[in-house]
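Here's the structure, in structure tokens; my notes come after.
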Amino acid sequence: MDQANPDADYAAAGFGQGLLLGPRPALLMIDFARAYFAPESPLYAGVEAARNAAAQVLAAARGHGVPVFHTRVEYQPGGADGGVFFRKIGALKVFETGSPLGDFEPPLEPRPGEAVITKQFPSAFFGTDLAALLNSAGIDTLVICGLSTSGCVRASAVDAICHGFVPVIVREGVGDRLQSVHEANLFDLAAKTAELRSIVEITTYFEGVAS
């Protein structure tokens with residue numbers, strides 16, 4: 001491993017082969033809950049820039065007729081439906097039924113007709129009908145914005161490629177508590193799992209598939 005030039009080292013090993021984005025994309029908005037933006041929340045992450053960028057991507061998707069899917073997290077009181085994951089992260093209590101911190105962060109609320117997936121675990125696919133919904137809509141490419149890069153975004157991107165969808169992460173539209181963790185996970189995702197694109201590139205892509 002060439003620590004001084006990791007990009008070249010990974011490329012030489014065959015990682016990071018580019019995936020072609022298909023003609024039938026959907027946008028997946030992962031867990032844009034108030035819990036990550038309210039300063040009083042134990043999950044506050046300082047990811048306002050990711051929220052603002054995701055709002056631009058969401059507007060572009062809606063403007064070009066790209067299907068939008070949202071995820072949210074909700075647990076029964078006490079977290080019996082969260083299993084070991086709920087016990088591992090005490091702050092997940094903010095997502096128990098009735099907590100306002102589980103509500104969608106403005107201006108990223110779903111619109112009527114947009115699917116909302118309720119989940120209890122990191123991946124948007126695990127224990128949900130997301131894969132079936134995407135397949136029934138003929139989706140081949142999943143554009144991803146959301147929180148957090150190292151957690152639910154990563155898990156969802158890995159499961160997306162396992163289900164046969166091309167995962168595309170909008171670089172500005174995802175975030176994490178620590179910038180170093182965020183960047184390390186983006187590097188690894190780009191090498192092994194997903195494509196990375198900017199807001200400008202994704203907007204152009206949405207324009208192209210809509211024409």
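For the structure tokens, the naming scheme is as follows: chains receive sequential letters (A, B, ...) according to their order of presentation, residues are indexed from 1 within each chain, and ligands are indexed from 1 in presentation order.
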
Inset, instruction - Would you list the contacts of Glu207 of chain A as a list in words, taking every protein, DNA or RNA residue within 10 Å and counting only C-alpha atoms, but skipping same-chain residues closer than 3 positions in sequence? - result: Ala60, Ala61, Gly63, His64, Gly65, Val66, Glu201, Ile202, Thr203, Thr204, Ala210 and Ser211 of chain A

Once you have the residues from the selection above, write them out as a PDB file, in the first residue's frame, restricted to N, CA and C atoms.
ATOM      1  N   ALA A  60     -34.187  19.778  -8.206  1.00  0.00           N
ATOM      2  CA  ALA A  60     -33.858  19.360  -9.571  1.00  0.00           C
ATOM      3  C   ALA A  60     -34.576  18.070  -9.936  1.00  0.00           C
ATOM      4  N   ALA A  61     -34.622  17.115  -9.014  1.00  0.00           N
ATOM      5  CA  ALA A  61     -35.316  15.858  -9.289  1.00  0.00           C
ATOM      6  C   ALA A  61     -36.796  16.110  -9.552  1.00  0.00           C
ATOM      7  N   GLY A  63     -38.179  18.857 -10.506  1.00  0.00           N
ATOM      8  CA  GLY A  63     -38.350  19.654 -11.715  1.00  0.00           C
ATOM      9  C   GLY A  63     -38.207  18.862 -12.991  1.00  0.00           C
ATOM     10  N   HIS A  64     -37.523  17.717 -12.925  1.00  0.00           N
ATOM     11  CA  HIS A  64     -37.309  16.906 -14.126  1.00  0.00           C
ATOM     12  C   HIS A  64     -38.029  15.561 -14.068  1.00  0.00           C
ATOM     13  N   GLY A  65     -38.956  15.436 -13.138  1.00  0.00           N
ATOM     14  CA  GLY A  65     -39.784  14.236 -13.097  1.00  0.00           C
ATOM     15  C   GLY A  65     -39.076  12.984 -12.619  1.00  0.00           C
ATOM     16  N   VAL A  66     -37.991  13.143 -11.867  1.00  0.00           N
ATOM     17  CA  VAL A  66     -37.271  11.985 -11.326  1.00  0.00           C
ATOM     18  C   VAL A  66     -37.979  11.523 -10.056  1.00  0.00           C
ATOM     19  N   GLU A 201     -23.199  18.120 -11.691  1.00  0.00           N
ATOM     20  CA  GLU A 201     -23.219  16.916 -12.532  1.00  0.00           C
ATOM     21  C   GLU A 201     -24.558  16.186 -12.433  1.00  0.00           C
ATOM     22  N   ILE A 202     -25.112  16.116 -11.235  1.00  0.00           N
ATOM     23  CA  ILE A 202     -26.386  15.420 -11.062  1.00  0.00           C
ATOM     24  C   ILE A 202     -27.522  16.200 -11.714  1.00  0.00           C
ATOM     25  N   THR A 203     -27.500  17.516 -11.586  1.00  0.00           N
ATOM     26  CA  THR A 203     -28.537  18.333 -12.234  1.00  0.00           C
ATOM     27  C   THR A 203     -28.492  18.142 -13.743  1.00  0.00           C
ATOM     28  N   THR A 204     -27.297  18.125 -14.310  1.00  0.00           N
ATOM     29  CA  THR A 204     -27.146  17.890 -15.747  1.00  0.00           C
ATOM     30  C   THR A 204     -27.647  16.497 -16.123  1.00  0.00           C
ATOM     31  N   ALA A 210     -34.430  13.529 -18.633  1.00  0.00           N
ATOM     32  CA  ALA A 210     -35.768  14.060 -18.809  1.00  0.00           C
ATOM     33  C   ALA A 210     -36.031  14.481 -20.245  1.00  0.00           C
ATOM     34  N   SER A 211     -34.966  14.665 -21.036  1.00  0.00           N
ATOM     35  CA  SER A 211     -35.139  15.181 -22.407  1.00  0.00           C
ATOM     36  C   SER A 211     -35.504  14.075 -23.383  1.00  0.00           C
TER      37      SER A 211
END

Legend entry - Non-local contacts of segment 28-37 of chain A (7 Å; only C-alpha atoms; under 3 positions in same chain excluded) as a PyMOL selection string: chain A and resi 41+43-46+48+68-73+101-105+142-147+153

Just the selected residues (C-alpha atoms), exported as a CSV table (one decimal), in the first residue's frame, please.
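Writing the result to part.csv gives the following:
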chain,number,residue,atom,x,y,z
A,41,SER,CA,-30.4,16.9,20.1
A,43,LEU,CA,-27.5,13.6,17.3
A,44,TYR,CA,-26.9,17.2,16.2
A,45,ALA,CA,-24.2,16.9,13.6
A,46,GLY,CA,-23.6,20.3,12.1
A,48,GLU,CA,-26.5,22.2,7.5
A,68,VAL,CA,-38.2,10.6,-5.1
A,69,PHE,CA,-38.0,8.3,-2.2
A,70,HIS,CA,-37.5,9.4,1.4
A,71,THR,CA,-36.5,7.4,4.5
A,72,ARG,CA,-37.3,8.1,8.1
A,73,VAL,CA,-36.5,6.3,11.3
A,101,LEU,CA,-36.9,15.1,16.5
A,102,GLY,CA,-37.9,12.3,14.1
A,103,ASP,CA,-39.8,14.7,11.9
A,104,PHE,CA,-38.5,15.8,8.5
A,105,GLU,CA,-36.2,18.8,8.5
A,142,LEU,CA,-30.1,5.4,-7.3
A,143,VAL,CA,-28.9,9.0,-6.6
A,144,ILE,CA,-28.3,9.4,-2.9
A,145,CYS,CA,-28.4,12.3,-0.5
A,146,GLY,CA,-28.5,11.9,3.2
A,147,LEU,CA,-27.1,11.3,6.7
A,153,VAL,CA,-25.7,6.5,3.5

Legend entry - Proximity to Asp176 of chain A - best of A:Ser150, A:Ala191, A:Gly98, A:Val57, only C-alpha atoms: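 Ranked by minimum distance to Asp176 of chain A, first place goes to A:Ser150.
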
Inset, instruction - Have a look at A:Pro6, A:Pro107, A:Gly14, A:Pro23 and name the one nearest to Tyr205 of chain A; count only C-alpha atoms. - result: A:Pro23

Legend entry - Residue among A:Leu19, A:Ala91, A:Ala80, A:Ile199 lying closest to Leu58 of chain A, counting only C-alpha atoms: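 Smallest separation from Leu58 of chain A among the options: A:Ile199.
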
Mind listing the helix (DSSP H, G or I) residues of chain A, per DSSP on the backbone, as a short mmCIF file (atom, residue, chain, number, x, y, z; two decimals) with N, CA, C and O atoms, in the first residue's frame?
data_model
loop_
_atom_site.label_atom_id
_atom_site.label_comp_id
_atom_site.auth_asym_id
_atom_site.auth_seq_id
_atom_site.Cartn_x
_atom_site.Cartn_y
_atom_site.Cartn_z
N PRO A 6 -2.58 7.12 -2.20
CA PRO A 6 -3.60 6.08 -2.13
C PRO A 6 -4.46 5.96 -3.38
O PRO A 6 -4.88 4.86 -3.74
N ASP A 7 -4.71 7.07 -4.07
CA ASP A 7 -5.52 7.00 -5.29
C ASP A 7 -4.86 6.11 -6.33
O ASP A 7 -5.51 5.24 -6.93
N ALA A 8 -3.56 6.31 -6.54
CA ALA A 8 -2.85 5.50 -7.53
C ALA A 8 -2.76 4.05 -7.08
O ALA A 8 -2.89 3.13 -7.90
N ASP A 9 -2.57 3.83 -5.79
CA ASP A 9 -2.48 2.47 -5.27
C ASP A 9 -3.79 1.72 -5.50
O ASP A 9 -3.79 0.57 -5.96
N TYR A 10 -4.90 2.34 -5.17
CA TYR A 10 -6.21 1.70 -5.35
C TYR A 10 -6.49 1.45 -6.83
O TYR A 10 -7.01 0.39 -7.21
N ALA A 11 -6.16 2.41 -7.67
CA ALA A 11 -6.39 2.25 -9.11
C ALA A 11 -5.58 1.10 -9.66
O ALA A 11 -6.06 0.30 -10.49
N ALA A 12 -4.33 0.98 -9.22
CA ALA A 12 -3.47 -0.11 -9.70
C ALA A 12 -4.00 -1.47 -9.29
O ALA A 12 -3.81 -2.47 -9.98
N ARG A 34 -35.00 16.14 11.91
CA ARG A 34 -34.64 17.29 12.74
C ARG A 34 -33.58 16.94 13.79
O ARG A 34 -32.87 17.82 14.27
N ALA A 35 -33.50 15.66 14.12
CA ALA A 35 -32.54 15.23 15.14
C ALA A 35 -31.11 15.61 14.80
O ALA A 35 -30.29 15.82 15.71
N TYR A 36 -30.80 15.73 13.52
CA TYR A 36 -29.43 16.04 13.11
C TYR A 36 -29.18 17.55 13.01
O TYR A 36 -28.04 17.97 12.78
N GLU A 48 -25.63 21.29 8.19
CA GLU A 48 -26.54 22.19 7.49
C GLU A 48 -26.17 22.34 6.02
O GLU A 48 -27.05 22.50 5.16
N ALA A 49 -24.88 22.31 5.70
CA ALA A 49 -24.46 22.43 4.30
C ALA A 49 -24.99 21.27 3.48
O ALA A 49 -25.41 21.45 2.32
N ALA A 50 -24.99 20.08 4.04
CA ALA A 50 -25.54 18.92 3.33
C ALA A 50 -27.04 19.07 3.11
O ALA A 50 -27.56 18.72 2.05
N ARG A 51 -27.74 19.59 4.12
CA ARG A 51 -29.18 19.84 3.98
C ARG A 51 -29.45 20.82 2.84
O ARG A 51 -30.34 20.58 2.00
N ASN A 52 -28.70 21.89 2.79
CA ASN A 52 -28.93 22.91 1.77
C ASN A 52 -28.62 22.37 0.37
O ASN A 52 -29.33 22.68 -0.59
N ALA A 53 -27.56 21.58 0.27
CA ALA A 53 -27.22 20.98 -1.02
C ALA A 53 -28.28 19.98 -1.44
O ALA A 53 -28.69 19.93 -2.61
N ALA A 54 -28.75 19.17 -0.49
CA ALA A 54 -29.78 18.18 -0.81
C ALA A 54 -31.07 18.85 -1.27
O ALA A 54 -31.78 18.31 -2.12
N ALA A 55 -31.35 20.01 -0.73
CA ALA A 55 -32.55 20.74 -1.17
C ALA A 55 -32.44 21.11 -2.64
O ALA A 55 -33.44 21.07 -3.38
N GLN A 56 -31.25 21.45 -3.09
CA GLN A 56 -31.06 21.75 -4.51
C GLN A 56 -31.26 20.51 -5.38
O GLN A 56 -31.87 20.57 -6.44
N VAL A 57 -30.71 19.39 -4.93
CA VAL A 57 -30.87 18.15 -5.68
C VAL A 57 -32.33 17.73 -5.72
O VAL A 57 -32.85 17.29 -6.76
N LEU A 58 -33.01 17.87 -4.59
CA LEU A 58 -34.43 17.52 -4.52
C LEU A 58 -35.25 18.37 -5.48
O LEU A 58 -36.12 17.85 -6.20
N ALA A 59 -34.97 19.66 -5.53
CA ALA A 59 -35.68 20.54 -6.45
C ALA A 59 -35.43 20.14 -7.90
O ALA A 59 -36.34 20.15 -8.74
N ALA A 60 -34.19 19.78 -8.21
CA ALA A 60 -33.86 19.36 -9.57
C ALA A 60 -34.58 18.07 -9.94
O ALA A 60 -35.09 17.93 -11.05
N ALA A 61 -34.62 17.11 -9.01
CA ALA A 61 -35.32 15.86 -9.29
C ALA A 61 -36.80 16.11 -9.55
O ALA A 61 -37.37 15.61 -10.53
N ARG A 62 -37.41 16.90 -8.70
CA ARG A 62 -38.83 17.20 -8.88
C ARG A 62 -39.07 17.95 -10.18
O ARG A 62 -40.05 17.69 -10.89
N GLY A 63 -38.18 18.86 -10.51
CA GLY A 63 -38.35 19.65 -11.72
C GLY A 63 -38.21 18.86 -12.99
O GLY A 63 -38.73 19.28 -14.04
N ALA A 80 -38.01 -1.87 21.08
CA ALA A 80 -38.03 -3.32 20.91
C ALA A 80 -37.86 -3.73 19.46
O ALA A 80 -37.34 -4.82 19.17
N ASP A 81 -38.27 -2.87 18.52
CA ASP A 81 -38.14 -3.19 17.09
C ASP A 81 -36.80 -2.74 16.53
O ASP A 81 -36.54 -2.89 15.34
N GLY A 82 -35.91 -2.22 17.37
CA GLY A 82 -34.60 -1.78 16.92
C GLY A 82 -33.48 -2.75 17.21
O GLY A 82 -32.35 -2.57 16.74
N GLY A 83 -33.79 -3.78 17.98
CA GLY A 83 -32.83 -4.84 18.23
C GLY A 83 -31.51 -4.36 18.81
O GLY A 83 -31.44 -3.39 19.58
N VAL A 84 -30.44 -5.04 18.43
CA VAL A 84 -29.10 -4.74 18.94
C VAL A 84 -28.65 -3.34 18.51
O VAL A 84 -27.94 -2.65 19.24
N PHE A 85 -29.06 -2.91 17.32
CA PHE A 85 -28.66 -1.59 16.83
C PHE A 85 -29.15 -0.49 17.78
O PHE A 85 -28.41 0.44 18.11
N PHE A 86 -30.39 -0.60 18.24
CA PHE A 86 -30.95 0.38 19.16
C PHE A 86 -30.17 0.38 20.48
O PHE A 86 -29.95 1.43 21.07
N ARG A 87 -29.75 -0.81 20.91
CA ARG A 87 -28.99 -0.90 22.16
C ARG A 87 -27.57 -0.36 22.01
O ARG A 87 -26.97 0.13 22.96
N LYS A 88 -27.03 -0.43 20.80
CA LYS A 88 -25.67 0.03 20.55
C LYS A 88 -25.56 1.55 20.61
O LYS A 88 -24.55 2.10 21.07
N GLY A 90 -27.32 4.79 22.02
CA GLY A 90 -28.33 5.30 22.94
C GLY A 90 -29.11 6.48 22.38
O GLY A 90 -30.29 6.67 22.70
N ALA A 91 -28.47 7.28 21.53
CA ALA A 91 -29.12 8.48 20.99
C ALA A 91 -30.29 8.15 20.07
O ALA A 91 -31.09 9.04 19.75
N LEU A 92 -30.41 6.89 19.65
CA LEU A 92 -31.53 6.53 18.78
C LEU A 92 -32.88 6.67 19.48
O LEU A 92 -33.93 6.62 18.83
N LYS A 93 -32.86 6.89 20.78
CA LYS A 93 -34.11 7.12 21.50
C LYS A 93 -34.86 8.33 20.97
O LYS A 93 -36.08 8.44 21.15
N VAL A 94 -34.14 9.25 20.32
CA VAL A 94 -34.81 10.44 19.78
C VAL A 94 -35.78 10.08 18.66
O VAL A 94 -36.59 10.92 18.26
N PHE A 95 -35.70 8.85 18.15
CA PHE A 95 -36.58 8.43 17.07
C PHE A 95 -37.75 7.57 17.55
O PHE A 95 -38.46 6.98 16.74
N PRO A 100 -40.63 14.78 18.26
CA PRO A 100 -40.55 15.75 17.15
C PRO A 100 -39.20 15.73 16.44
O PRO A 100 -39.10 16.20 15.31
N LEU A 101 -38.17 15.19 17.10
CA LEU A 101 -36.86 15.13 16.46
C LEU A 101 -36.83 14.13 15.31
O LEU A 101 -35.92 14.16 14.48
N GLY A 102 -37.83 13.27 15.24
CA GLY A 102 -37.92 12.33 14.13
C GLY A 102 -38.61 12.90 12.91
O GLY A 102 -38.62 12.26 11.85
N LEU A 130 -38.20 -1.17 -0.18
CA LEU A 130 -37.59 -0.22 -1.12
C LEU A 130 -37.17 -0.90 -2.42
O LEU A 130 -37.44 -0.37 -3.51
N ALA A 131 -36.50 -2.04 -2.34
CA ALA A 131 -36.03 -2.70 -3.56
C ALA A 131 -37.20 -3.05 -4.47
O ALA A 131 -37.13 -2.88 -5.69
N ALA A 132 -38.27 -3.54 -3.88
CA ALA A 132 -39.45 -3.90 -4.68
C ALA A 132 -40.06 -2.67 -5.34
O ALA A 132 -40.47 -2.72 -6.51
N LEU A 133 -40.11 -1.57 -4.62
CA LEU A 133 -40.66 -0.34 -5.19
C LEU A 133 -39.80 0.18 -6.33
O LEU A 133 -40.33 0.62 -7.37
N LEU A 134 -38.49 0.13 -6.16
CA LEU A 134 -37.59 0.58 -7.23
C LEU A 134 -37.70 -0.31 -8.45
O LEU A 134 -37.74 0.17 -9.59
N ASN A 135 -37.74 -1.60 -8.23
CA ASN A 135 -37.86 -2.53 -9.36
C ASN A 135 -39.18 -2.35 -10.10
O ASN A 135 -39.22 -2.39 -11.33
N SER A 136 -40.25 -2.15 -9.35
CA SER A 136 -41.55 -1.98 -10.00
C SER A 136 -41.62 -0.70 -10.82
O SER A 136 -42.38 -0.61 -11.78
N THR A 149 -22.89 9.92 6.32
CA THR A 149 -22.08 9.29 5.29
C THR A 149 -21.56 7.92 5.73
O THR A 149 -21.61 6.95 4.97
N SER A 150 -21.08 7.85 6.97
CA SER A 150 -20.48 6.61 7.46
C SER A 150 -21.49 5.59 7.93
O SER A 150 -21.14 4.42 8.15
N GLY A 151 -22.75 6.01 8.10
CA GLY A 151 -23.77 5.13 8.63
C GLY A 151 -24.79 4.72 7.60
O GLY A 151 -24.58 3.80 6.80
N CYS A 152 -25.92 5.42 7.59
CA CYS A 152 -27.05 5.01 6.75
C CYS A 152 -26.80 5.23 5.27
O CYS A 152 -27.32 4.48 4.44
N VAL A 153 -26.03 6.26 4.92
CA VAL A 153 -25.70 6.46 3.50
C VAL A 153 -24.85 5.31 3.00
O VAL A 153 -25.12 4.71 1.95
N ARG A 154 -23.82 4.99 3.74
CA ARG A 154 -22.94 3.90 3.34
C ARG A 154 -23.69 2.57 3.26
O ARG A 154 -23.57 1.84 2.27
N ALA A 155 -24.44 2.25 4.30
CA ALA A 155 -25.17 0.98 4.31
C ALA A 155 -26.15 0.89 3.15
O ALA A 155 -26.29 -0.17 2.51
N SER A 156 -26.81 1.99 2.83
CA SER A 156 -27.79 1.99 1.74
C SER A 156 -27.12 1.86 0.38
O SER A 156 -27.63 1.19 -0.52
N ALA A 157 -25.96 2.52 0.22
CA ALA A 157 -25.23 2.41 -1.05
C ALA A 157 -24.74 0.98 -1.27
O ALA A 157 -24.82 0.44 -2.38
N VAL A 158 -24.23 0.35 -0.21
CA VAL A 158 -23.77 -1.03 -0.33
C VAL A 158 -24.93 -1.95 -0.70
O VAL A 158 -24.82 -2.80 -1.61
N ASP A 159 -26.07 -1.78 -0.04
CA ASP A 159 -27.21 -2.63 -0.37
C ASP A 159 -27.77 -2.32 -1.75
O ASP A 159 -28.30 -3.21 -2.43
N ALA A 160 -27.68 -1.06 -2.18
CA ALA A 160 -28.16 -0.71 -3.52
C ALA A 160 -27.40 -1.49 -4.58
O ALA A 160 -28.00 -2.07 -5.50
N ILE A 161 -26.07 -1.51 -4.48
CA ILE A 161 -25.30 -2.23 -5.50
C ILE A 161 -25.54 -3.73 -5.40
O ILE A 161 -25.55 -4.44 -6.41
N CYS A 162 -25.78 -4.23 -4.19
CA CYS A 162 -26.08 -5.65 -4.02
C CYS A 162 -27.42 -6.02 -4.67
O CYS A 162 -27.61 -7.16 -5.11
N GLN A 179 -15.56 15.50 9.85
CA GLN A 179 -15.18 15.65 8.45
C GLN A 179 -14.21 14.56 8.02
O GLN A 179 -14.28 14.07 6.88
N SER A 180 -13.32 14.16 8.91
CA SER A 180 -12.36 13.12 8.56
C SER A 180 -13.05 11.79 8.29
O SER A 180 -12.69 11.06 7.35
N VAL A 181 -14.05 11.47 9.08
CA VAL A 181 -14.82 10.24 8.87
C VAL A 181 -15.61 10.33 7.57
O VAL A 181 -15.67 9.37 6.79
N HIS A 182 -16.20 11.47 7.32
CA HIS A 182 -16.95 11.73 6.09
C HIS A 182 -16.07 11.49 4.86
O HIS A 182 -16.44 10.74 3.95
N GLU A 183 -14.89 12.10 4.84
CA GLU A 183 -14.00 12.00 3.68
C GLU A 183 -13.47 10.57 3.51
O GLU A 183 -13.37 10.07 2.38
N ALA A 184 -13.14 9.91 4.61
CA ALA A 184 -12.65 8.53 4.52
C ALA A 184 -13.70 7.61 3.93
O ALA A 184 -13.40 6.74 3.10
N ASN A 185 -14.95 7.81 4.32
CA ASN A 185 -16.01 6.95 3.81
C ASN A 185 -16.32 7.25 2.35
O ASN A 185 -16.59 6.32 1.57
N LEU A 186 -16.27 8.51 1.95
CA LEU A 186 -16.47 8.83 0.54
C LEU A 186 -15.37 8.19 -0.32
O LEU A 186 -15.65 7.66 -1.40
N PHE A 187 -14.14 8.24 0.16
CA PHE A 187 -13.04 7.63 -0.57
C PHE A 187 -13.29 6.13 -0.74
O PHE A 187 -13.14 5.59 -1.85
N ASP A 188 -13.67 5.46 0.33
CA ASP A 188 -13.86 4.02 0.27
C ASP A 188 -15.09 3.64 -0.56
O ASP A 188 -15.07 2.66 -1.31
N LEU A 189 -16.15 4.42 -0.44
CA LEU A 189 -17.34 4.16 -1.25
C LEU A 189 -17.03 4.30 -2.74
O LEU A 189 -17.46 3.49 -3.56
N ALA A 190 -16.29 5.34 -3.10
CA ALA A 190 -15.94 5.55 -4.50
C ALA A 190 -15.06 4.42 -5.03
O ALA A 190 -15.15 4.05 -6.20
N ALA A 191 -14.22 3.86 -4.17
CA ALA A 191 -13.34 2.78 -4.60
C ALA A 191 -14.08 1.47 -4.79
O ALA A 191 -13.76 0.70 -5.70
N LYS A 192 -15.10 1.21 -3.96
CA LYS A 192 -15.65 -0.14 -3.90
C LYS A 192 -17.13 -0.26 -4.22
O LYS A 192 -17.61 -1.36 -4.56
N ILE A 199 -23.33 18.37 -7.34
CA ILE A 199 -24.69 18.86 -7.62
C ILE A 199 -24.83 19.23 -9.09
O ILE A 199 -25.83 18.90 -9.73
N VAL A 200 -23.85 19.92 -9.63
CA VAL A 200 -23.92 20.34 -11.03
C VAL A 200 -24.00 19.13 -11.95
O VAL A 200 -24.82 19.10 -12.89
N GLU A 201 -23.20 18.12 -11.69
CA GLU A 201 -23.22 16.92 -12.53
C GLU A 201 -24.56 16.19 -12.43
O GLU A 201 -25.09 15.70 -13.44
N ILE A 202 -25.11 16.12 -11.23
CA ILE A 202 -26.39 15.42 -11.06
C ILE A 202 -27.52 16.20 -11.71
O ILE A 202 -28.42 15.62 -12.34
N THR A 203 -27.50 17.52 -11.59
CA THR A 203 -28.54 18.33 -12.23
C THR A 203 -28.49 18.14 -13.74
O THR A 203 -29.54 17.98 -14.40
N THR A 204 -27.30 18.13 -14.31
CA THR A 204 -27.15 17.89 -15.75
C THR A 204 -27.65 16.50 -16.12
O THR A 204 -28.29 16.31 -17.16
N TYR A 205 -27.35 15.52 -15.29
CA TYR A 205 -27.81 14.15 -15.51
C TYR A 205 -29.33 14.09 -15.51
O TYR A 205 -29.95 13.48 -16.41
N PHE A 206 -29.96 14.72 -14.53
CA PHE A 206 -31.43 14.73 -14.47
C PHE A 206 -32.01 15.42 -15.71
O PHE A 206 -33.02 14.97 -16.26
N GLU A 207 -31.38 16.48 -16.14
CA GLU A 207 -31.84 17.17 -17.35
C GLU A 207 -31.77 16.24 -18.55
O GLU A 207 -32.67 16.20 -19.41
N GLY A 208 -30.68 15.46 -18.64
CA GLY A 208 -30.49 14.58 -19.77
C GLY A 208 -31.50 13.46 -19.84
O GLY A 208 -32.01 13.13 -20.92
N VAL A 209 -31.82 12.86 -18.69
CA VAL A 209 -32.78 11.74 -18.71
C VAL A 209 -34.19 12.22 -18.91
O VAL A 209 -35.08 11.46 -19.31
N ALA A 210 -34.43 13.53 -18.63
CA ALA A 210 -35.77 14.06 -18.81
C ALA A 210 -36.03 14.48 -20.24
O ALA A 210 -37.19 14.64 -20.66
#

Legend entry - Pairwise distance for atom CA of Glu74 of chain A and atom CA of Glu96 of chain A, rounded to one decimal in Å: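 Atom CA of Glu96 of chain A lies at a distance of 5.6 Å from atom CA of Glu74 of chain A.
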
Legend entry - Members of segment 99-128 of chain A assigned strand (DSSP E or B) by DSSP, as a list in words: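 Everything in segment 99-128 of chain A that counts as strand (DSSP E or B) is Phe104, Ala115, Val116, Ile117, Thr118 and Lys119 of chain A.
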
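The gap separating atom CA of Pro77 of chain A from atom CA of Phe121 of chain A is 15.7 Å, in Å to one decimal.
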
Inset, instruction - Could you jot down the atom CA of Thr128 of chain A to atom CA of Pro25 of chain A separation for me, Å, one decimal place? - result: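 So the answer is 19.4 Å.
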